[in-house]
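Engineer: A single structure is presented below for examination.
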2 protein chains.
Amino acid sequence: MTNHSHHSVRESIRTRIENGEWSLGALIPAEKDLSTEYGCARTTINRALQALADEGLLIRKRKGGTRVCAMPVRYAKFEIPIIREQVEAKGDQYRHELVCKKREIPPSDIRAKLNIEDQEKALYLETIHFSNSAPLAVEERWVNTQAVPEILQASFDDISVNEWLVKTVPFSSGDVLFSAQNMNEKIAAALKSDAGKATFVVDRTTWVGDEFITAIKLYYQSGFELYTQL
Amino acid sequence: MTNHSHHSVRESIRTRIENGEWSLGALIPAEKDLSTEYGCARTTINRALQALADEGLLIRKRKGGTRVCAMPVRYAKFEIPIIREQVEAKGDQYRHELVCKKREIPPSDIRAKLNIEDQEKALYLETIHFSNSAPLAVEERWVNTQAVPEILQASFDDISVNEWLVKTVPFSSGDVLFSAQNMNEKIAAALKSDAGKATFVVDRTTWVGDEFITAIKLYYQSGFELYTQL
DNA sequence: GCAATTATTATGTATGCACATATTATAAAT
DNA sequence: ATTTATAATATGTGCATACATAATAATTGC
């Protein structure tokens with residue numbers, strides 16, 4: 001049982017959990033015991049167990065010991081859809097079209113999201129994303145120009161607004177809301193579909209520190225699917 | 001600059017990256033240098049940087065050094081919706097109703113998903129989930145009875161099929177597909193809504209090892225939203 | 001009997017050290 | 001000049017040790 005790296009210990013213990021050697025919520029041996037069993041230092045066991053705890057497979061408590069998570073929470077994890085990459089991953093050709101760009105006072109729900117004063121203007125951009133010349137998604141975006149004034153100078157012929165923002169403010173936080181809606185006339189027209197058809201909607205707000213950058217609403221073509229593996 | 005745990009070092013470096021001290025793809029100081037800067041051992045810096053690399057914020061190469069990830073991939077991560085918890089988290093009362101339970105030969109797409117032979121039967125279960133006596137979601141589920149024969153004996157008065165499965169085969173893998181669809185007559189009736197309304201659909205397949213366990217399709221009430229923070 | 005104090009215990013963290021490994025830079029050989 | 005060996009270097013890993021910290025168990029005092 002010698003020659004064990006923290007990797008191999010981690011995978012060994014993961015397997016033992018999955019095989020049901022310790023049931024849900026059960027206490028597993030202490031680091032000290034596992035270190036003698038695997039013939040390695042306690043530090044090595046510690047690294048392995050901490051990694052499994054980070055994943056949510058184990059729960060650790062000082063003195064209480066380590067137990068298999070009683071309620072193994074399964075996370076779905078997927079990349080934020082960057083439309084160009086979604087399209088190009090399929091082998092299709094990506095293209096986008098800026099159909100509207102104006103500065104005006106946003107509606108109240110957007111003002112609240114972006115933390116903008118009552119009479120303050122913001123930048124509104126409307127883009128249609130194409131996959132092989134078929135419309136894939138309509139993007140409605142408000143940008144807080146106080147936070148990112150440079151955007152007023154940027155032209156969006158080559159890269160999309162999103163890509164520009166990713167390059168300019170790379171490490172942002174945000175929240176995302178997924179929902180299903182019926183297309184209104186405007187969206188249906190842009191997607192060359194029919195009003196009432198179901199559209200997958202991604203609603204996203206992005207901020208850096210305490211400054212709100214942008215609020216985006218993406219309406220996907222009907223039939224669009226978002227895939228994830230657990 | 002003394003008294004630094006690997007936690008504080010990690011967060012300090014994260015902040016420095018977010019503040020743009022090192023730009024995208026730039027090389028950051030070597031562990032040795034950071035250890036003198038922070039006044040701690042190299043091991044401590046190593047743990048901090050490895051954690052940030054696991055998150056995808058840094059890319060590390062032996063001899064090549066550590067650099068800020070040039071293409072910071074942002075992941076959205078959220079718990080697999082367990083309906084009872086979604087409901088109870090809102091403070092509402094959860095209830096479910098098994099409206100159909102039968103053994104029969106599944107349609108071909110399900111047979112493919114569950115890897116079931118042509119003439120093999122499977123268990124079909126249809127459940128309506130309620131939040132405060134308002135229908136929240138309709139669940140259509142096929143269970144591979146060869147993989148989980150015990151399920152034929154289980155009664156689902158107290159716990160839902162999903163909870164039963166989580167307890168019985170806790171460490172499963174799976175994939176998930178999100179989409180938006182228009183409700184058909186049956187779904188609309190079950191949700192006390194109208195045909196054609198947009199419904200958020202979660203399509204999920206679960207397996208353990210190489211055995212396929214179950215395929216679920218969840219149709220959520222119109223207006224349903226799935227929230228995540230990045 | 002019950003509260004307050006004091007061990008005991010398992011994990012958490014930091015450190016110094018040694019060596020492994022991958023990669024790049026440099027020098028030597030052809 | 002090109003290939004081949006060699007050295008240098010940054011990260012990867014393991015270990016022994018020490019002490020910190022949190023939670024429980026045992027003990028003591030009233």
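Labels used: A, B, ... for chains in the order of the structure tokens, numbers from 1 for residues in each chain, and numbers from 1 for ligands as shown.
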Given identical sequences, what C-alpha RMSD separates chain B from chain A after least-squares superposition over all Cα in order?
Structural biologist: 0.5 Å
Engineer: Enumerate as a PyMOL selection string the residues belonging to chain B that approach chain A to within 6 Å, with only C-alpha atoms taken into account.
Structural biologist: chain B and resi 18+74-80+171+173-182+198-200+225-230
Engineer: Can I get the residues of chain C within 10 Å of region 11-14 of chain D, each with the closest pair of atoms and their distance in Å to one decimal, using only C-alpha atoms (C1' of nucleotides), sorted chain first then ascending number, as JSON lines?
Structural biologist:
```
{"residue": "C:DA18", "atom": "C1'", "partner": "D:DG14", "partner_atom": "C1'", "distance": 8.9}
{"residue": "C:DC19", "atom": "C1'", "partner": "D:DT13", "partner_atom": "C1'", "distance": 8.8}
{"residue": "C:DA20", "atom": "C1'", "partner": "D:DT13", "partner_atom": "C1'", "distance": 7.5}
{"residue": "C:DT21", "atom": "C1'", "partner": "D:DG12", "partner_atom": "C1'", "distance": 7.5}
{"residue": "C:DA22", "atom": "C1'", "partner": "D:DT11", "partner_atom": "C1'", "distance": 8.7}
```
Engineer: Identify all chain A residues at most 12 Å from chain D by counting only C-alpha atoms (C1' of nucleotides); ligands do not count. Present them as a ChimeraX atom specification.
Structural biologist: /A:3-7,35,39-45,47,60-65
Engineer: Quick one: DSSP strand (DSSP E or B) residues in region 126-215 of chain B, as number ranges by chain?
Structural biologist: B: 126-131, 134-143, 173-182, 198-208, 211-215
Engineer: Using only C-alpha atoms (C1' of nucleotides), I'd like every residue of chain C that has an atom within 12 Å of chain B; please write them out as a VMD selection string.
Structural biologist: chain C and resid 12 to 17 20 to 25
Engineer: I'd like the interatomic distance between CA of Pro106 (chain A) and CA of Ala188 (chain A), to a tenth of an Å.
Structural biologist: 22.6 Å
Engineer: To one decimal place, how far is CA of Glu37 (chain A) from C1' of DA10 (chain C) in Å?
Structural biologist: 16.8 Å
Engineer: Closest to Ile110 (chain A) among A:Ile13, A:Leu98, A:Leu152, A:Leu123, using only C-alpha atoms?
Structural biologist: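 The closest residue to Ile110 (chain A) is A:Leu123.
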Engineer: Provide the CA of Lys102 (chain A) to CA of Glu85 (chain A) distance in Å, to one decimal place.
Structural biologist: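 Going from CA of Lys102 (chain A) over to CA of Glu85 (chain A) covers 26.9 Å.
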Engineer: Based on the backbone DSSP call, show me all residues of region 13-83 of chain B assigned helix (DSSP H, G or I), as a PyMOL selection string.
Structural biologist: chain B and resi 13-18+31-38+42-55+83
